[in-house]
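*Asks:* Encoded as structure tokens, here's the structure I'll be asking about.
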Amino acid sequence: MAQLSNVGFDYWPGRLDAAAQRALADEVLARLAEAPPYRPVTPGGKPMSVEMSNFGPLGWITDAGGYRYEARHPVTGQPWPDIPRALLALWAELGDAATPPDACLVNLYGADARMGLHQDRDEADFSHPVLSVSLGDTAVFRIGGVRRGEPTRSLRLASGDVCRLAGEGRLSHHGVDRVLAGSSRLLSQGGRINLTLRRAGPAAL
Ligand code: SIN
Ligand code: MN
């Protein structure tokens, strides 16, 4: 584990080897055929530059009604596919062994996609961590403090890298400044997939 100066932010570069990345990418792409990525809009009506889907009982969505978790894909109306076992195992090891994740947000970044600095705060209980897995092209990721306006630092998240926001850093601001197009050959169509595992509902759900 590489220790950065941000409290509550942990980073495991290369946590998934090439074979594990390939296997996970195949599982993710198969599920995305069932739950197609769509382009969400912010509550203010602005289309996001990333495409999104979800796996698990609950999926994070945004639309004119606000940010929230929903049990069904907003376009197909179908329940989200299940979370790949490899991700459940990773969460048991690096996330929270006592409480499984119930949500896996899938963000797909093309060459021009980015994500502004934000906090993950739509979950019922912030004592559970947020665990993030990157596949495909490298992202220039930005991590700051819990309070907006605190200094931020940037690091590159490459395919197979895992990072975690937990404890005092659970509500740290974070975002993606840009994606380095063509930096990975894992995904035949190029781009980056980020998988964010969370416990969205109460632990007793
Ligand atoms: C997110 O915060 O939802 C995504 C972060 C990432 O793509 O690395
Ligand atoms: Mn986030």
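By convention in this document, the chains of the structure tokens carry letters A, B, ... by their order, each chain's residues are numbered from 1, and ligands are numbered from 1 in the order they are shown.
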Name the residues, by chain letter and number, that sit within 10 Å of ligand 1 using only C-alpha atoms and all ligand atoms, and give them as JSON, numbers by chain.
*Replies:* {"A": [50, 52, 60, 104, 105, 106, 107, 108, 109, 113, 114, 115, 116, 117, 118, 119, 120, 130, 131, 132, 133, 134, 135, 138, 139, 140, 141, 142, 143, 156, 157, 158, 161, 162, 163, 173, 174, 175, 176, 177, 178, 179, 192, 193, 194, 195, 196, 197]}
*Asks:* List every residue of range 21-148 of chain A that DSSP, applied to the backbone of this structure, places in strand (DSSP E or B), and write the result as a ChimeraX atom specification.
*Replies:* /A:38,41,47,51-55,58-63,66-70,72,79,103-109,115-118,130-136,139-143
*Asks:* Interatomic distance between CA of Gly136 in chain A and CA of Leu94 in chain A?
*Replies:*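 Pair CA of Gly136 in chain A / CA of Leu94 in chain A returns 21.2 Å.
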*Asks:* If we count only C-alpha atoms, what is near Glu168 in chain A at a cut-off of 12 Å, once residues fewer than 6 positions away on the same chain are taken out, given as a list of chain:residue names?
*Replies:*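 The residues satisfying every condition are A:Asn6, A:Val7, A:Gly8, A:Phe9, A:Asp10, A:Phe126, A:Ser127, A:His128, A:Pro129, A:Gly145, A:Val146, A:Arg147.
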*Asks:* Calculated over only C-alpha atoms, which of the candidates A:Ala200, A:Leu58, A:Ala103, A:Val75 has the smallest distance to Arg121 in chain A?
*Replies:*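 Ranking A:Ala200, A:Leu58, A:Ala103, A:Val75 by distance to Arg121 in chain A, first place goes to A:Ala200.
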